[in-house]
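The structure appears below as C-alpha cells.
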Amino acid sequence: MQSPDSSIIRLEGVHKWFGNNHVLRGIDLALNLGEVQVIVGPSGSGKSTLLRCVNLLETPTLGRVTFEGRDITDIRTDLNEVRTHIGIVFQAFNLFPHRTALQNLTLPLEKVLKLGSDEARERALEQLSRVKLEQKADAYPGQLSGGQQQRVAIARALAMQPRLMLFDEVTSALDPELVGEVLQVMKDLATEGMTMMVVTHEMGFAREVGTRMVFVDGGVIVEEGDPREMFASPRSERLKQFFSQIL
Amino acid sequence: MSGALPRPQEGLDGPPDTRGPTAPVPGSIFALGWLALGLVILGTIAIILVHAQRSGPISQLCVDQKIEPRAEGARGVCSIVESALSRQETFVLLAGIAVGVLAMVGGFSRYRSMPSRRQREHCIAGAVLGIQAAALAALMLLFRGGQVGAFASNFLNLSYVSGRIGDFASAARITLTLAFTGEIGGIVIGLFLSMLALSSRRVVRAPARAYINFFRGTPLIWQLAFAYFGVALGLDVGVISPLVIAWAVFSLNTGAYAAEVFRAGLQSIERGQIEAARSLGMSYGQAMRYAIVPQAVRRVIPPLMNEFVILIKDTSLITVMGLVASQRELYSVGRDIYSATYNATPFLMSAMGYLVVTLPLIRLVNAIEKRLRSGLVSIAGAS
C-alpha cells in the first residue's frame with residue numbers, strides 16, 4: 001500500500017445519513033503529519049460527525065477514509081488495530097467511572113497493547129505527569145473536577161502513543177475557569193509536533209494553535225485555509241455571518 | 001431566646017444540628033405516645049406469658065368459648081383465651097386508649113406553637129404514636145367481643161407446631177438452598193442470554209428472545225409440573241430427585257427474568273463508554289468485559305435481589321410435584337401439617353419462616369439502592 005502523498009488521513013467524498021437526515025454531504029479533506037487542523041462551524045453543521053468518521057466511530061454511508069494510505073472504510077480492515085494509532089478525546093470525557101485515573105490508562109495498555117503491568121503502570125504515570133495529574137493517579141473520575149477528568153482522558157489517549165489525535169469539543173462541557181488548563185495541555189501537545197484534528201468553539205485556540213482551519217456548514221466544507229487569514233478576511237458570506245454571531 | 005443566630009461549632013465533624021434543643025413539654029408528649037403503644041403491645045404479651053404458666057384442666061371460661069377440653073393443645077389455647085379475656089387485659093387496653101388519646105390531643109394542640117423543629121417533630125410523633133396505640137387497643141377490644149376461642153384454636157394452637165420446629169428448620173433450609181442455587185443458575189443463564197438479546201444480528205437475537213418470552217409467558221407452576229411429570233417422569237429419564245428438577249426449572253425461569261434485568265442494565269450505560277473503549281482499540285468483547293459489564297453489574301444488584309426475594313417465595317410452587325417428607329420446603333410443611341390436623345397454626349409458622357429471610361433481604365435491597373442513588377463516587381469507591 002503506497003501512500004500517494006504525505007497525508008496521514010484523507011477523506012474522499014464522504015457522505016453520512018442518519019435515517020433521512022443527510023448530515024455530511026460530500027466531504028473531501030486531507031491532514032498532513034504535524035498539522036493542527038481546526039474544524040469550526042455552527043451547531044448541527046456536521047463537524048462532530050465528520051471527526052467521528054475519521055476513526056470510524058461513525059461509518060460513512062458513502063465515500064472513503066484512508067489512514068496512512070490504507071483504506072479503513074474497507075470492511076476487511078482491522079479497525080481495532082487502526083484505532084490504537086488514532087487517539088480521541090470526547091466532550092463528555094467518557095472515563096471509566098469504576099476505575100481510578102491510573103487504571104483508566106493501564107487498562108487499554110494491558111488489554112490492547114498487551115504490555116506487562118509494570119510497563120503499563122510506568123507509561124501511564126509518565127502520561128499522567130505530562131498532564132500534571134500524577135498525584136491524582138489513585139482518584140476515581142467522580143472525585144476529579146471536569147478539567148482534571150478531561151486531562152486524564154487526554155493522557156489515556158496519549159498513553160497509546162497515537163500518531164493522530166482527535167478532539168471533539170473537549171472544553172464544551174467544562175466550567176469556564178477549567179477551560180484554560182485543558183487548552184494548555186493541547187497547546188503543549190501541538191508544540192511537541194502532534195498531528196491533531198480539533199473540533200472546537202474556542203476561536204482563540206483556533207487562531208493561535210491551528211495551522212489550518214476548516215469551516216463546515218450544512219454538511220459541506222464551505223471554506224478552508226490559514227486560520228489567521230480566515231479570521232482577518234473571511235471570503236464566504238456564511239463564514240462572515242458565523243464570525244459575527246460568535247465573536 | 002436571645003437574638004444571636006446559632007453558629008456552626010468549631011472542630012466538629014459534619015453539619016451543625018439546627019433542629020434545636022429538646023424541651024420537657026414535647027418530650028413528655030413523645031414519651032406518652034410510646035407509653036400508650038408499649039402498654040398495649042408489651043402489656044398484652046406479658047399477660048399472655050403469665051397465663052401461659054398455668055397448667056391443669058381448662059377453665060369454665062374456655063369451655064364456654066367452645067374449646068374441646070380433651071383436644072390436642074387445649075391447655076395452651078385456653079391460656080391465650082384466658083389472657084385475652086382477663087380483667088388485666090381489659091385494663092391494659094383501656095389504659096392504652098386513655099394514654100393514647102391524651103398524647104394525641106396534647107400533641108396536635110401544641111405542635112404549632114413549638115419554637116424549634118425538633119420539638120415540633122416530637123409533638124407530632126407523640127400524637128401519631130398515641131393514635132396508633134388507641135386504634136390498636138380499640139381493635140383488640142372489638143375482637144374480644146367475637147369468637148376468641150375459635151380464633152385461638154384455629155390460629156394459635158402451638159401444640160401443632162412446637163414438636164415440628166425441626167421440620168420447619170430443614171424446610172427453611174430447602175427453601176433457601178433452592179432459591180439461592182436457582183438464582184445463581186439464573187444469573188449465569190441471564191447474563192449470557194442478555195448478550196445474545198443485545199446483538200445487532202437478528203439471527204442471534206431471535207432464539208434468545210424466544211427463550212425469554214417463553215419462560216416469561218408461561219406460569220412457573222406449569223413449567224415445574226411439565227418438567228417433572230411431563231419430562232422427567234413422562235420420558236422416564238431415570239430417577240431424578242424432584243428437587244434437582246425444581247432447581248433446573250428455577251434456573252431456567254430466573255434466567256429469563258435476569259436476562260431482561262441485565263439487558264436493561266447494559267443499555268443504561270452511557271453510549272460514550274463503549275465509544276471510548278472501542279476508540280482505544282478494544283474489541284467489542286473486551287469493551288463489554290472491561291468497561292460495560294462491571295458498571296452494569298453494580299446497577300443490576302438491586303433488581304436482581306428483588307428477583308431473589310420473589311424466587312424465595314416462588315419455591316413454594318414445588319408443592320405441585322408431590323414431594324416426600326424430607327423434600328418439603330416451608331409452604332409444603334405447613335400445608336401438610338394442616339392436612340393432618342385441619343388447624344391453621346402451621347400456615348402462620350410458614351409465613352414466619354419466609355418473613356425471617358425476606359424482611360432482612362428487603363431492607364438490604366433498599367439500603368443498597370439508597371447507596372447507589374447517592375452518586376457515582378460511592379459506586380466506584382465501593383470496589
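As shown in the C-alpha cells, the chain order sets the letters A, B, ...; within each chain, residues go from 1, and ligands are also counted from 1 in the order they appear.
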Distance filter 9 Å, only C-alpha atoms, chain A against chain B, as a PyMOL selection string: chain A and resi 55-57+79-90+92-100+107-108+111-113+140-143+156-157+160
Non-local contacts of Arg207 of chain A (10 Å; only C-alpha atoms; under 4 positions in same chain excluded) as a list in words: Val38, Glu202, Met203, Thr211, Arg212, Met213, Asp226, Pro227, Arg228, Glu229, Met230 and Phe231 of chain A
In segment 102-217 of chain A, DSSP strand (DSSP E or B) residues written as a PyMOL selection string: chain A and resi 164-168+196-199+212-217
Close residues, Ala179 of chain B itself excluded, 6 Å, only C-alpha atoms, min 3 positions apart in chain, as a PyMOL selection string: chain B and resi 176+182-183+311-312
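Reported to one decimal place, the separation of atom CA of Ala227 of chain B from atom CA of Phe262 of chain B is 25.9 Å.
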For segment 18-21 of chain B: contacts at 6 Å, only C-alpha atoms, fewer than 3 positions along chain excluded, given as a compact mmCIF listing (two decimals) with C-alpha atoms, in the first residue's frame:
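Heads up, here's the output in selection-v6.txt:
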# COMPACT_ATOMS: atom_id res chain seq x y z
CA SER B 116 -37.86 24.50 67.27
CA ARG B 117 -38.15 21.81 64.63
CA ARG B 118 -37.08 19.05 66.98
Close residues, Ala84 of chain B itself excluded, 8 Å, only C-alpha atoms, min 6 positions apart in chain, as number ranges by chain: B: 44, 48, 144, 148
Please produce a file of those selected residues containing C-alpha atoms, as a compact mmCIF listing (two decimals), in the first residue's frame.
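New file result-v7.txt:
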# COMPACT_ATOMS: atom_id res chain seq x y z
CA THR B 44 -50.68 -7.92 76.12
CA ILE B 48 -50.18 -13.92 77.71
CA ARG B 144 -62.59 -9.70 72.25
CA VAL B 148 -61.95 -15.65 70.73
Contact residues around segment 242-252 of chain B with only C-alpha atoms at 9 Å, ignoring same-chain residues under 3 positions, as a PyMOL selection string: chain B and resi 174+178-179+181-190+215+220+223-224+227-228+232+255-256+311+314-315+318+321-323+327
Expected file: the selected residues, C-alpha atoms, as a PDB file, in the first residue's frame:
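New file part02.pdb:
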ATOM      1  CA  ILE B 174     -34.501 -26.440  51.403  1.00  0.00           C
ATOM      2  CA  LEU B 178     -33.401 -23.910  46.141  1.00  0.00           C
ATOM      3  CA  ALA B 179     -33.793 -20.147  45.873  1.00  0.00           C
ATOM      4  CA  THR B 181     -28.843 -22.059  43.706  1.00  0.00           C
ATOM      5  CA  GLY B 182     -31.711 -21.192  41.375  1.00  0.00           C
ATOM      6  CA  GLU B 183     -30.738 -17.534  41.460  1.00  0.00           C
ATOM      7  CA  ILE B 184     -27.076 -18.355  40.747  1.00  0.00           C
ATOM      8  CA  GLY B 185     -28.062 -20.545  37.801  1.00  0.00           C
ATOM      9  CA  GLY B 186     -30.434 -17.823  36.626  1.00  0.00           C
ATOM     10  CA  ILE B 187     -27.740 -15.147  36.783  1.00  0.00           C
ATOM     11  CA  VAL B 188     -25.353 -17.231  34.677  1.00  0.00           C
ATOM     12  CA  ILE B 189     -28.044 -18.010  32.099  1.00  0.00           C
ATOM     13  CA  GLY B 190     -29.365 -14.443  32.206  1.00  0.00           C
ATOM     14  CA  PHE B 215     -40.292 -18.518  30.175  1.00  0.00           C
ATOM     15  CA  LEU B 220     -43.851 -21.093  36.722  1.00  0.00           C
ATOM     16  CA  GLN B 223     -43.071 -25.151  33.993  1.00  0.00           C
ATOM     17  CA  LEU B 224     -42.487 -27.117  37.193  1.00  0.00           C
ATOM     18  CA  ALA B 227     -40.669 -30.562  33.659  1.00  0.00           C
ATOM     19  CA  TYR B 228     -41.376 -33.062  36.421  1.00  0.00           C
ATOM     20  CA  ALA B 232     -38.738 -36.350  33.998  1.00  0.00           C
ATOM     21  CA  GLY B 255     -32.549 -16.785  33.687  1.00  0.00           C
ATOM     22  CA  ALA B 256     -35.272 -15.265  31.516  1.00  0.00           C
ATOM     23  CA  LEU B 311     -37.820 -16.605  43.942  1.00  0.00           C
ATOM     24  CA  ASP B 314     -41.941 -18.972  44.402  1.00  0.00           C
ATOM     25  CA  THR B 315     -40.081 -22.041  45.655  1.00  0.00           C
ATOM     26  CA  ILE B 318     -42.759 -27.104  44.022  1.00  0.00           C
ATOM     27  CA  MET B 321     -44.563 -32.003  42.365  1.00  0.00           C
ATOM     28  CA  GLY B 322     -45.713 -34.277  45.169  1.00  0.00           C
ATOM     29  CA  LEU B 323     -42.736 -34.339  47.473  1.00  0.00           C
ATOM     30  CA  GLN B 327     -38.023 -32.760  50.371  1.00  0.00           C
TER      31      GLN B 327
END
All alpha helix (DSSP H) positions in segment 3-214 of chain A, as a count of residues only: 75
Who sits within 12 Å of Glu122 of chain A, only C-alpha atoms, same chain under 6 positions skipped, as a list in words: Leu102, Gln103, Leu105, Thr106, Leu109, Glu110, Leu115, Gly116, Leu128, Ser129, Glu134, Ala137 and Ala159 of chain A
Those same residues, written as a compact mmCIF listing (two decimals), in the first residue's frame with all heavy atoms?
# COMPACT_ATOMS: atom_id res chain seq x y z
N LEU A 102 -5.37 6.12 37.10
CA LEU A 102 -4.26 5.29 36.61
C LEU A 102 -4.78 4.06 35.88
O LEU A 102 -4.30 3.71 34.79
CB LEU A 102 -3.38 4.87 37.80
CG LEU A 102 -2.13 4.07 37.43
CD1 LEU A 102 -1.11 4.98 36.76
CD2 LEU A 102 -1.51 3.41 38.65
N GLN A 103 -5.81 3.42 36.46
CA GLN A 103 -6.35 2.20 35.83
C GLN A 103 -7.02 2.51 34.50
O GLN A 103 -7.07 1.66 33.62
CB GLN A 103 -7.36 1.54 36.78
CG GLN A 103 -6.70 0.90 37.99
CD GLN A 103 -7.72 0.53 39.05
OE1 GLN A 103 -8.85 0.99 39.02
NE2 GLN A 103 -7.31 -0.31 39.98
N LEU A 105 -5.83 4.43 32.38
CA LEU A 105 -4.74 4.43 31.40
C LEU A 105 -4.16 3.04 31.18
O LEU A 105 -3.83 2.65 30.05
CB LEU A 105 -3.62 5.39 31.86
CG LEU A 105 -3.75 6.85 31.44
CD1 LEU A 105 -4.92 7.52 32.14
CD2 LEU A 105 -2.45 7.61 31.72
N THR A 106 -4.02 2.29 32.29
CA THR A 106 -3.35 0.99 32.15
C THR A 106 -4.24 -0.05 31.48
O THR A 106 -3.73 -0.97 30.84
CB THR A 106 -2.90 0.45 33.53
OG1 THR A 106 -4.03 0.44 34.40
CG2 THR A 106 -1.81 1.29 34.13
N LEU A 109 -3.63 -0.31 27.83
CA LEU A 109 -2.22 -0.68 27.61
C LEU A 109 -2.03 -2.17 27.83
O LEU A 109 -1.32 -2.84 27.08
CB LEU A 109 -1.30 0.11 28.56
CG LEU A 109 -1.26 1.62 28.34
CD1 LEU A 109 -0.36 2.28 29.38
CD2 LEU A 109 -0.80 1.95 26.94
N GLU A 110 -2.69 -2.70 28.88
CA GLU A 110 -2.53 -4.12 29.19
C GLU A 110 -3.37 -5.00 28.27
O GLU A 110 -2.91 -6.05 27.81
CB GLU A 110 -2.92 -4.39 30.65
CG GLU A 110 -1.92 -3.81 31.64
CD GLU A 110 -2.38 -3.96 33.08
OE1 GLU A 110 -3.32 -4.74 33.34
OE2 GLU A 110 -1.80 -3.29 33.96
N LEU A 115 0.88 -4.87 27.13
CA LEU A 115 2.07 -4.56 27.93
C LEU A 115 1.97 -5.27 29.28
O LEU A 115 0.87 -5.54 29.76
CB LEU A 115 2.16 -3.06 28.17
CG LEU A 115 2.30 -2.14 26.97
CD1 LEU A 115 2.57 -0.71 27.44
CD2 LEU A 115 3.39 -2.61 26.04
N GLY A 116 3.11 -5.55 29.90
CA GLY A 116 3.12 -6.08 31.25
C GLY A 116 2.63 -5.00 32.21
O GLY A 116 2.67 -3.82 31.89
N LEU A 128 0.38 10.70 32.94
CA LEU A 128 -0.36 11.48 33.94
C LEU A 128 0.47 12.68 34.39
O LEU A 128 -0.07 13.76 34.63
CB LEU A 128 -0.73 10.60 35.14
CG LEU A 128 -1.94 9.70 34.97
CD1 LEU A 128 -2.17 8.86 36.22
CD2 LEU A 128 -3.20 10.51 34.66
N SER A 129 1.79 12.50 34.48
CA SER A 129 2.60 13.64 34.91
C SER A 129 2.71 14.65 33.76
O SER A 129 2.86 15.84 33.99
CB SER A 129 3.98 13.17 35.39
OG SER A 129 4.70 12.64 34.31
N GLU A 134 -0.16 13.38 38.18
CA GLU A 134 0.36 12.14 38.75
C GLU A 134 -0.08 11.97 40.21
O GLU A 134 -0.26 10.84 40.67
CB GLU A 134 1.89 12.08 38.63
CG GLU A 134 2.67 13.15 39.39
CD GLU A 134 2.80 14.46 38.61
OE1 GLU A 134 1.92 14.74 37.78
OE2 GLU A 134 3.78 15.21 38.84
N ALA A 137 -3.39 9.92 40.61
CA ALA A 137 -3.41 8.62 39.95
C ALA A 137 -4.44 7.66 40.56
O ALA A 137 -5.08 6.91 39.84
CB ALA A 137 -2.02 7.99 40.00
N ALA A 159 -1.32 7.77 26.04
CA ALA A 159 -0.55 6.61 26.50
C ALA A 159 -0.47 5.53 25.43
O ALA A 159 0.45 4.71 25.44
CB ALA A 159 -1.19 6.04 27.78
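Ranking B:Val105, B:Ala137, B:Ile269, B:Ile58 by their shortest atom-to-atom distance to Arg70 of chain B, with only C-alpha atoms included, puts B:Ile58 first.
Here atom CA of Glu12 of chain A and atom CA of Asp28 of chain A stand 4.6 Å from one another.
If you look at atom CA of Gly107 of chain B and atom CA of Ala127 of chain B, they are 4.8 Å away from each other.
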